[in-house]
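Notes follow the structure.
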Amino acid sequence: MNLSVKIFIALVLSVIVGLLAGAPAVPFIKWWIAPIGTIFINLIKMMIVPVVFTSLIVGVTSLGDTKKLGRIGIKTIGLYLVTTAIAILIGFAVAGVIHPGLGLNMTATSEVNVKQAPSIMQVLVAMVPANPVASMAKSDILPTIVFALFIGVGIIQVGGSRAKTLIGFFDAAAEVCYKVIGMIMAISPIGVFCLLLPVVAENGPSVLLPLLAVIACMAVGCTIHAVGVYSTLARIWGGHSPIAFFKGMSEAMLIAFSTCSSSGTLPVNLKNTQEKLGVSREVASFVLPLGATVNMDGTAVYMGICSLFIANVFGIDLTVGQMGMIVLTGTLASIGTAGVPGAGLIMLAMVLESVGLPLEGLGLVAGIDRILDMFRTCLNITGDAAVACVINETEKKYAAHAQ
């Protein structure tokens, strides 16, 4: 039985046991089982900064020259922004057909404390770390990425034997990180079970039923985007059939679905993309860490659906201009949103504010945000891998043409 099947069985068991146990078992589960899930999450988080830092440096130095780095960087960012914009449109389309919230006449009964979304200039300033060690200590991924890029470019510029020494060091460090990730993945079925059981036991079907239409929209929208957009990318430009692509990504997708963290799934995604999808190490080490921070396709689908849902609940008709603003704002906001659980609420708050929708509407989706987060995180990391496959194939063709 391979690891993907074990993880899936653990996920199903957590739902069954959680529903059977129900609220009476919550104190016991929270005291004895939930901490094991927290340990599993901490083990994954433990490897995020080392993997991002060492992998990016290896990726940059493997490219060999700054021109190649610029070429791959432009293609990667461009693809990420295009797929994000398409994801928001898919969210609108699905919500437009299902009409979540229409006729519910619900009102926000709870306040949601959401950190204010950063402005574009704040994002640019925050990208450059004044103290890179402090940024790593706080697991600030974007500044860590920028620092790693500068170190990688600096190593390329130095060249010679001294550069080879540093490249060998970071290459060995990255390999050690991958071995540690393998050890963590061996216990992932247990971690997934202990992580999801408290959520299901505490909320039960009550968290699903009232807002089932929103959850259905999210599931359908993410499926359409994954099958339509990612299958197309994988088949036409990525060199993989859809079946081969999704089979290769199954472990990472299940971990993302369980942990709700794009950054947390990054170590597993790097491993799967290289070993099962055949993406070169230099491409995967550059594209995937960048994608875990700036590529938020699942969150984009979520924004399109939740915007229409909140508008329906409050009886507001969105104009074409407002929808266009949501697409633009959401696409740009994805660059500054960290790949951590709950980050989607920050983006949604920014989008609602940009088109004048009531921010108290956040209270309507906050109760099921964890469930929605499962779908959007799974889509996020799948998009990272699809873009990595495309970049890998285009670089192969570029190299062949250059020769």
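Simple scheme: letters A, B, ... for chains in structure tokens order, numbers from 1 for residues in each chain, numbers from 1 for ligands in the order shown.
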Which residues, written as a PyMOL selection string, have at least one atom at most 9 Å from Gly248 of chain A, with only C-alpha atoms counted and residues fewer than 3 positions away on the same chain left out? chain A and resi 243-245+251-252+272-273+275-277
Residues near Ala173 of chain A, cut-off 9 Å, only C-alpha atoms, skip fewer than 3 positions along chain, as a PyMOL selection string: chain A and resi 50-51+54-55+168-170+176-178
Atoms to include: all heavy atoms. Write the selected residues as an mmCIF file, in the first residue's frame.
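Output contents, as saved in again_30.cif:
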```cif
data_model
loop_
_atom_site.group_PDB
_atom_site.id
_atom_site.type_symbol
_atom_site.label_atom_id
_atom_site.label_comp_id
_atom_site.auth_asym_id
_atom_site.auth_seq_id
_atom_site.Cartn_x
_atom_site.Cartn_y
_atom_site.Cartn_z
ATOM 1 N N PRO A 50 14.485 25.815 6.039
ATOM 2 C CA PRO A 50 15.675 25.155 5.475
ATOM 3 C C PRO A 50 15.491 24.714 4.036
ATOM 4 O O PRO A 50 16.402 24.870 3.207
ATOM 5 C CB PRO A 50 15.871 23.941 6.401
ATOM 6 C CG PRO A 50 15.231 24.330 7.675
ATOM 7 C CD PRO A 50 14.064 25.179 7.302
ATOM 8 N N VAL A 51 14.309 24.169 3.705
ATOM 9 C CA VAL A 51 14.067 23.698 2.338
ATOM 10 C C VAL A 51 14.006 24.864 1.361
ATOM 11 O O VAL A 51 14.616 24.833 0.284
ATOM 12 C CB VAL A 51 12.761 22.869 2.272
ATOM 13 C CG1 VAL A 51 12.306 22.715 0.837
ATOM 14 C CG2 VAL A 51 12.976 21.510 2.886
ATOM 15 N N THR A 54 17.751 26.517 1.108
ATOM 16 C CA THR A 54 18.754 25.700 0.409
ATOM 17 C C THR A 54 18.314 25.365 -1.013
ATOM 18 O O THR A 54 19.128 25.415 -1.943
ATOM 19 C CB THR A 54 19.030 24.399 1.183
ATOM 20 O OG1 THR A 54 17.807 23.665 1.355
ATOM 21 C CG2 THR A 54 19.642 24.699 2.538
ATOM 22 N N SER A 55 17.020 25.068 -1.211
ATOM 23 C CA SER A 55 16.535 24.684 -2.537
ATOM 24 C C SER A 55 16.634 25.841 -3.518
ATOM 25 O O SER A 55 17.025 25.651 -4.683
ATOM 26 C CB SER A 55 15.084 24.205 -2.464
ATOM 27 O OG SER A 55 14.979 23.034 -1.715
ATOM 28 N N GLY A 168 28.445 23.115 -3.372
ATOM 29 C CA GLY A 168 28.477 21.774 -2.801
ATOM 30 C C GLY A 168 27.863 21.734 -1.414
ATOM 31 O O GLY A 168 27.134 20.796 -1.073
ATOM 32 N N PHE A 169 28.127 22.773 -0.620
ATOM 33 C CA PHE A 169 27.585 22.841 0.738
ATOM 34 C C PHE A 169 26.060 22.923 0.711
ATOM 35 O O PHE A 169 25.368 22.156 1.398
ATOM 36 C CB PHE A 169 28.160 24.061 1.473
ATOM 37 C CG PHE A 169 27.469 24.356 2.774
ATOM 38 C CD1 PHE A 169 27.747 23.602 3.910
ATOM 39 C CD2 PHE A 169 26.525 25.369 2.866
ATOM 40 C CE1 PHE A 169 27.104 23.859 5.121
ATOM 41 C CE2 PHE A 169 25.876 25.642 4.067
ATOM 42 C CZ PHE A 169 26.167 24.877 5.194
ATOM 43 N N PHE A 170 25.511 23.860 -0.077
ATOM 44 C CA PHE A 170 24.060 24.035 -0.117
ATOM 45 C C PHE A 170 23.368 22.846 -0.782
ATOM 46 O O PHE A 170 22.247 22.485 -0.419
ATOM 47 C CB PHE A 170 23.700 25.341 -0.839
ATOM 48 C CG PHE A 170 23.953 26.573 -0.015
ATOM 49 C CD1 PHE A 170 24.935 27.481 -0.380
ATOM 50 C CD2 PHE A 170 23.220 26.812 1.136
ATOM 51 C CE1 PHE A 170 25.179 28.613 0.392
ATOM 52 C CE2 PHE A 170 23.454 27.940 1.913
ATOM 53 C CZ PHE A 170 24.443 28.842 1.539
ATOM 54 N N VAL A 176 20.044 16.714 2.633
ATOM 55 C CA VAL A 176 19.731 16.354 4.018
ATOM 56 C C VAL A 176 18.282 16.713 4.347
ATOM 57 O O VAL A 176 17.557 15.938 4.973
ATOM 58 C CB VAL A 176 20.695 17.064 4.994
ATOM 59 C CG1 VAL A 176 20.232 16.880 6.442
ATOM 60 C CG2 VAL A 176 22.108 16.519 4.832
ATOM 61 N N CYS A 177 17.858 17.902 3.883
ATOM 62 C CA CYS A 177 16.473 18.333 4.104
ATOM 63 C C CYS A 177 15.492 17.341 3.489
ATOM 64 O O CYS A 177 14.472 16.996 4.104
ATOM 65 C CB CYS A 177 16.248 19.721 3.502
ATOM 66 S SG CYS A 177 17.064 21.062 4.400
ATOM 67 N N TYR A 178 15.795 16.866 2.279
ATOM 68 C CA TYR A 178 14.896 15.934 1.604
ATOM 69 C C TYR A 178 14.819 14.601 2.364
ATOM 70 O O TYR A 178 13.751 13.965 2.426
ATOM 71 C CB TYR A 178 15.356 15.679 0.169
ATOM 72 C CG TYR A 178 15.345 16.910 -0.699
ATOM 73 C CD1 TYR A 178 16.296 17.103 -1.698
ATOM 74 C CD2 TYR A 178 14.385 17.913 -0.512
ATOM 75 C CE1 TYR A 178 16.289 18.243 -2.483
ATOM 76 C CE2 TYR A 178 14.374 19.049 -1.296
ATOM 77 C CZ TYR A 178 15.326 19.216 -2.275
ATOM 78 O OH TYR A 178 15.325 20.346 -3.057
#
```
Go through A:Cys222, A:Ile236, A:Met249, A:Val97 and flag the residue nearest Ala385 of chain A, using only C-alpha atoms for the distances. A:Met249
Closest atom pairs, segment 156-233 of chain A residues within 12 Å of segment 280-304 of chain A, only C-alpha atoms, as CSV:
```
residue,atom,partner,partner_atom,distance
A:Asp171,CA,A:Arg281,CA,10.5
A:Ala174,CA,A:Ser285,CA,9.7
A:Glu175,CA,A:Arg281,CA,11.1
A:Tyr178,CA,A:Ser285,CA,11.8
A:Val214,CA,A:Tyr302,CA,9.2
A:Ile215,CA,A:Tyr302,CA,9.7
A:Ala216,CA,A:Tyr302,CA,11.4
A:Cys217,CA,A:Tyr302,CA,8.8
A:Met218,CA,A:Tyr302,CA,6.4
A:Ala219,CA,A:Val301,CA,9.8
A:Val220,CA,A:Val301,CA,10.0
A:Gly221,CA,A:Val301,CA,6.5
A:Cys222,CA,A:Gly298,CA,6.5
A:Thr223,CA,A:Gly298,CA,10.1
A:Ile224,CA,A:Val301,CA,10.2
A:His225,CA,A:Val301,CA,8.5
A:Ala226,CA,A:Gly298,CA,9.5
A:Val229,CA,A:Asp297,CA,10.6
A:Tyr230,CA,A:Asp297,CA,10.8
```
Export of prior selection with all heavy atoms as a tab-separated table (two decimals), in the first residue's frame:
```tsv
chain	number	residue	atom	x	y	z
A	171	ASP	N	24.05	22.22	-1.74
A	171	ASP	CA	23.50	21.04	-2.39
A	171	ASP	C	23.38	19.90	-1.38
A	171	ASP	O	22.36	19.21	-1.31
A	171	ASP	CB	24.40	20.63	-3.56
A	171	ASP	CG	23.81	19.47	-4.35
A	171	ASP	OD1	22.70	19.61	-4.87
A	171	ASP	OD2	24.46	18.41	-4.42
A	174	ALA	N	20.58	20.68	1.08
A	174	ALA	CA	19.26	20.42	0.49
A	174	ALA	C	18.95	18.93	0.50
A	174	ALA	O	17.81	18.52	0.80
A	174	ALA	CB	19.20	20.96	-0.93
A	175	GLU	N	19.95	18.10	0.21
A	175	GLU	CA	19.74	16.65	0.23
A	175	GLU	C	19.39	16.16	1.62
A	175	GLU	O	18.54	15.28	1.80
A	175	GLU	CB	21.00	15.93	-0.28
A	175	GLU	CG	21.19	16.00	-1.78
A	175	GLU	CD	20.07	15.31	-2.53
A	175	GLU	OE1	19.52	14.31	-2.02
A	175	GLU	OE2	19.73	15.78	-3.62
A	178	TYR	N	15.79	16.87	2.28
A	178	TYR	CA	14.90	15.93	1.60
A	178	TYR	C	14.82	14.60	2.36
A	178	TYR	O	13.75	13.97	2.43
A	178	TYR	CB	15.36	15.68	0.17
A	178	TYR	CG	15.34	16.91	-0.70
A	178	TYR	CD1	16.30	17.10	-1.70
A	178	TYR	CD2	14.38	17.91	-0.51
A	178	TYR	CE1	16.29	18.24	-2.48
A	178	TYR	CE2	14.37	19.05	-1.30
A	178	TYR	CZ	15.33	19.22	-2.28
A	178	TYR	OH	15.33	20.35	-3.06
A	214	VAL	N	-21.97	26.74	-0.54
A	214	VAL	CA	-20.66	27.37	-0.70
A	214	VAL	C	-19.57	26.30	-0.81
A	214	VAL	O	-18.66	26.39	-1.66
A	214	VAL	CB	-20.34	28.30	0.49
A	214	VAL	CG1	-18.97	28.94	0.32
A	214	VAL	CG2	-21.40	29.38	0.62
A	215	ILE	N	-19.67	25.28	0.03
A	215	ILE	CA	-18.70	24.19	-0.01
A	215	ILE	C	-18.78	23.46	-1.36
A	215	ILE	O	-17.76	23.11	-1.96
A	215	ILE	CB	-18.94	23.21	1.15
A	215	ILE	CG1	-18.73	23.94	2.49
A	215	ILE	CG2	-18.01	22.01	1.06
A	215	ILE	CD1	-19.18	23.17	3.70
A	216	ALA	N	-20.01	23.24	-1.85
A	216	ALA	CA	-20.20	22.58	-3.15
A	216	ALA	C	-19.58	23.42	-4.26
A	216	ALA	O	-18.91	22.90	-5.15
A	216	ALA	CB	-21.69	22.36	-3.41
A	217	CYS	N	-19.80	24.75	-4.21
A	217	CYS	CA	-19.21	25.65	-5.20
A	217	CYS	C	-17.69	25.55	-5.19
A	217	CYS	O	-17.05	25.50	-6.25
A	217	CYS	CB	-19.61	27.10	-4.92
A	217	CYS	SG	-21.27	27.53	-5.43
A	218	MET	N	-17.12	25.52	-3.99
A	218	MET	CA	-15.67	25.45	-3.86
A	218	MET	C	-15.12	24.16	-4.43
A	218	MET	O	-14.12	24.15	-5.15
A	218	MET	CB	-15.29	25.59	-2.38
A	218	MET	CG	-13.84	25.89	-2.14
A	218	MET	SD	-13.38	27.53	-2.73
A	218	MET	CE	-11.59	27.38	-2.64
A	219	ALA	N	-15.80	23.05	-4.11
A	219	ALA	CA	-15.36	21.74	-4.60
A	219	ALA	C	-15.45	21.68	-6.13
A	219	ALA	O	-14.51	21.24	-6.81
A	219	ALA	CB	-16.19	20.64	-3.98
A	220	VAL	N	-16.57	22.17	-6.68
A	220	VAL	CA	-16.77	22.15	-8.13
A	220	VAL	C	-15.78	23.09	-8.83
A	220	VAL	O	-15.15	22.73	-9.83
A	220	VAL	CB	-18.22	22.54	-8.48
A	220	VAL	CG1	-18.38	22.74	-9.99
A	220	VAL	CG2	-19.20	21.49	-7.99
A	221	GLY	N	-15.63	24.30	-8.28
A	221	GLY	CA	-14.72	25.28	-8.89
A	221	GLY	C	-13.28	24.80	-8.92
A	221	GLY	O	-12.60	24.93	-9.94
A	222	CYS	N	-12.82	24.24	-7.80
A	222	CYS	CA	-11.45	23.74	-7.74
A	222	CYS	C	-11.25	22.56	-8.68
A	222	CYS	O	-10.19	22.43	-9.31
A	222	CYS	CB	-11.10	23.34	-6.31
A	222	CYS	SG	-10.88	24.74	-5.18
A	223	THR	N	-12.27	21.70	-8.78
A	223	THR	CA	-12.18	20.55	-9.68
A	223	THR	C	-12.10	21.02	-11.14
A	223	THR	O	-11.28	20.52	-11.93
A	223	THR	CB	-13.39	19.61	-9.50
A	223	THR	OG1	-13.43	19.18	-8.14
A	223	THR	CG2	-13.29	18.41	-10.42
A	224	ILE	N	-12.94	21.98	-11.51
A	224	ILE	CA	-12.93	22.51	-12.88
A	224	ILE	C	-11.57	23.12	-13.21
A	224	ILE	O	-11.00	22.88	-14.28
A	224	ILE	CB	-14.05	23.56	-13.07
A	224	ILE	CG1	-15.42	22.89	-13.04
A	224	ILE	CG2	-13.86	24.33	-14.38
A	224	ILE	CD1	-16.58	23.87	-13.05
A	225	HIS	N	-11.03	23.91	-12.26
A	225	HIS	CA	-9.75	24.55	-12.51
A	225	HIS	C	-8.62	23.52	-12.63
A	225	HIS	O	-7.77	23.62	-13.52
A	225	HIS	CB	-9.44	25.53	-11.38
A	225	HIS	CG	-8.29	26.45	-11.68
A	225	HIS	ND1	-8.40	27.50	-12.57
A	225	HIS	CD2	-7.02	26.49	-11.23
A	225	HIS	CE1	-7.25	28.15	-12.64
A	225	HIS	NE2	-6.39	27.54	-11.83
A	226	ALA	N	-8.65	22.52	-11.74
A	226	ALA	CA	-7.60	21.49	-11.76
A	226	ALA	C	-7.66	20.66	-13.04
A	226	ALA	O	-6.65	20.46	-13.71
A	226	ALA	CB	-7.75	20.58	-10.53
A	229	VAL	N	-7.72	23.69	-16.40
A	229	VAL	CA	-6.51	24.50	-16.59
A	229	VAL	C	-5.24	23.67	-16.41
A	229	VAL	O	-4.36	23.66	-17.28
A	229	VAL	CB	-6.50	25.70	-15.62
A	229	VAL	CG1	-5.21	26.51	-15.78
A	229	VAL	CG2	-7.71	26.59	-15.86
A	230	TYR	N	-5.14	22.94	-15.29
A	230	TYR	CA	-3.90	22.21	-15.02
A	230	TYR	C	-3.70	21.03	-15.95
A	230	TYR	O	-2.57	20.72	-16.34
A	230	TYR	CB	-3.87	21.75	-13.56
A	230	TYR	CG	-3.86	22.88	-12.57
A	230	TYR	CD1	-4.33	22.70	-11.27
A	230	TYR	CD2	-3.39	24.14	-12.92
A	230	TYR	CE1	-4.33	23.74	-10.35
A	230	TYR	CE2	-3.40	25.19	-12.02
A	230	TYR	CZ	-3.88	24.99	-10.74
A	230	TYR	OH	-3.88	26.02	-9.83
```
Residues flagged alpha helix (DSSP H) by DSSP in segment 18-180 of chain A, as a ChimeraX atom specification: /A:18-21,26-28,34-63,66-98,120-127,132-137,141-158,160-180
I want to know what sits within 12 Å of Pro35 of chain A, based on only C-alpha atoms, with residues of the same chain fewer than 3 positions away left out; could you give that as a PDB file with N, CA, C and O atoms, in the first residue's frame?
```
ATOM      1  N   PHE A  28     -11.671  14.842  25.212  1.00  0.00           N
ATOM      2  CA  PHE A  28     -10.660  13.781  25.151  1.00  0.00           C
ATOM      3  C   PHE A  28      -9.795  13.923  23.910  1.00  0.00           C
ATOM      4  O   PHE A  28      -8.549  13.813  23.975  1.00  0.00           O
ATOM      5  N   ILE A  29     -10.434  14.160  22.764  1.00  0.00           N
ATOM      6  CA  ILE A  29      -9.701  14.279  21.499  1.00  0.00           C
ATOM      7  C   ILE A  29      -8.746  15.464  21.534  1.00  0.00           C
ATOM      8  O   ILE A  29      -7.594  15.366  21.095  1.00  0.00           O
ATOM      9  N   LYS A  30      -9.223  16.595  22.067  1.00  0.00           N
ATOM     10  CA  LYS A  30      -8.374  17.792  22.110  1.00  0.00           C
ATOM     11  C   LYS A  30      -7.180  17.600  23.047  1.00  0.00           C
ATOM     12  O   LYS A  30      -6.105  18.156  22.821  1.00  0.00           O
ATOM     13  N   TRP A  31      -7.377  16.819  24.105  1.00  0.00           N
ATOM     14  CA  TRP A  31      -6.318  16.645  25.102  1.00  0.00           C
ATOM     15  C   TRP A  31      -5.280  15.618  24.672  1.00  0.00           C
ATOM     16  O   TRP A  31      -4.077  15.804  24.882  1.00  0.00           O
ATOM     17  N   TRP A  32      -5.735  14.513  24.045  1.00  0.00           N
ATOM     18  CA  TRP A  32      -4.827  13.407  23.765  1.00  0.00           C
ATOM     19  C   TRP A  32      -4.457  13.235  22.296  1.00  0.00           C
ATOM     20  O   TRP A  32      -3.363  12.732  21.982  1.00  0.00           O
ATOM     21  N   THR A  38      -0.667  18.445  16.003  1.00  0.00           N
ATOM     22  CA  THR A  38       0.152  19.661  16.107  1.00  0.00           C
ATOM     23  C   THR A  38       1.629  19.333  15.953  1.00  0.00           C
ATOM     24  O   THR A  38       2.380  20.072  15.297  1.00  0.00           O
ATOM     25  N   ILE A  39       2.057  18.223  16.538  1.00  0.00           N
ATOM     26  CA  ILE A  39       3.458  17.786  16.396  1.00  0.00           C
ATOM     27  C   ILE A  39       3.775  17.526  14.929  1.00  0.00           C
ATOM     28  O   ILE A  39       4.851  17.912  14.430  1.00  0.00           O
ATOM     29  N   PHE A  40       2.855  16.878  14.214  1.00  0.00           N
ATOM     30  CA  PHE A  40       3.056  16.604  12.789  1.00  0.00           C
ATOM     31  C   PHE A  40       3.198  17.901  11.991  1.00  0.00           C
ATOM     32  O   PHE A  40       4.112  18.038  11.162  1.00  0.00           O
ATOM     33  N   ILE A  41       2.317  18.869  12.267  1.00  0.00           N
ATOM     34  CA  ILE A  41       2.401  20.165  11.591  1.00  0.00           C
ATOM     35  C   ILE A  41       3.725  20.848  11.917  1.00  0.00           C
ATOM     36  O   ILE A  41       4.384  21.421  11.035  1.00  0.00           O
ATOM     37  N   ASN A  42       4.143  20.785  13.186  1.00  0.00           N
ATOM     38  CA  ASN A  42       5.402  21.415  13.584  1.00  0.00           C
ATOM     39  C   ASN A  42       6.602  20.773  12.895  1.00  0.00           C
ATOM     40  O   ASN A  42       7.571  21.458  12.549  1.00  0.00           O
ATOM     41  N   ILE A 190      -0.665   9.050  10.264  1.00  0.00           N
ATOM     42  CA  ILE A 190      -1.029   9.276  11.670  1.00  0.00           C
ATOM     43  C   ILE A 190      -1.261  10.754  11.920  1.00  0.00           C
ATOM     44  O   ILE A 190      -2.214  11.162  12.586  1.00  0.00           O
ATOM     45  N   GLY A 191      -0.382  11.582  11.371  1.00  0.00           N
ATOM     46  CA  GLY A 191      -0.506  13.024  11.541  1.00  0.00           C
ATOM     47  C   GLY A 191      -1.788  13.573  10.955  1.00  0.00           C
ATOM     48  O   GLY A 191      -2.463  14.407  11.574  1.00  0.00           O
ATOM     49  N   VAL A 192      -2.145  13.104   9.757  1.00  0.00           N
ATOM     50  CA  VAL A 192      -3.369  13.553   9.097  1.00  0.00           C
ATOM     51  C   VAL A 192      -4.601  13.177   9.918  1.00  0.00           C
ATOM     52  O   VAL A 192      -5.514  13.980  10.108  1.00  0.00           O
ATOM     53  N   PHE A 193      -4.630  11.947  10.411  1.00  0.00           N
ATOM     54  CA  PHE A 193      -5.763  11.487  11.220  1.00  0.00           C
ATOM     55  C   PHE A 193      -5.917  12.358  12.475  1.00  0.00           C
ATOM     56  O   PHE A 193      -7.022  12.833  12.794  1.00  0.00           O
ATOM     57  N   CYS A 194      -4.826  12.582  13.175  1.00  0.00           N
ATOM     58  CA  CYS A 194      -4.876  13.360  14.423  1.00  0.00           C
ATOM     59  C   CYS A 194      -5.140  14.840  14.160  1.00  0.00           C
ATOM     60  O   CYS A 194      -5.631  15.548  15.048  1.00  0.00           O
ATOM     61  N   LEU A 195      -4.848  15.298  12.966  1.00  0.00           N
ATOM     62  CA  LEU A 195      -5.062  16.703  12.624  1.00  0.00           C
ATOM     63  C   LEU A 195      -6.533  16.977  12.305  1.00  0.00           C
ATOM     64  O   LEU A 195      -7.090  18.002  12.707  1.00  0.00           O
ATOM     65  N   LEU A 196      -7.167  16.058  11.581  1.00  0.00           N
ATOM     66  CA  LEU A 196      -8.534  16.295  11.122  1.00  0.00           C
ATOM     67  C   LEU A 196      -9.604  15.836  12.109  1.00  0.00           C
ATOM     68  O   LEU A 196     -10.701  16.383  12.133  1.00  0.00           O
ATOM     69  N   LEU A 197      -9.294  14.838  12.922  1.00  0.00           N
ATOM     70  CA  LEU A 197     -10.288  14.301  13.853  1.00  0.00           C
ATOM     71  C   LEU A 197     -10.888  15.375  14.768  1.00  0.00           C
ATOM     72  O   LEU A 197     -12.121  15.422  14.919  1.00  0.00           O
ATOM     73  N   PRO A 198     -10.086  16.248  15.396  1.00  0.00           N
ATOM     74  CA  PRO A 198     -10.682  17.279  16.260  1.00  0.00           C
ATOM     75  C   PRO A 198     -11.614  18.225  15.508  1.00  0.00           C
ATOM     76  O   PRO A 198     -12.639  18.649  16.047  1.00  0.00           O
TER      77      PRO A 198
END
```
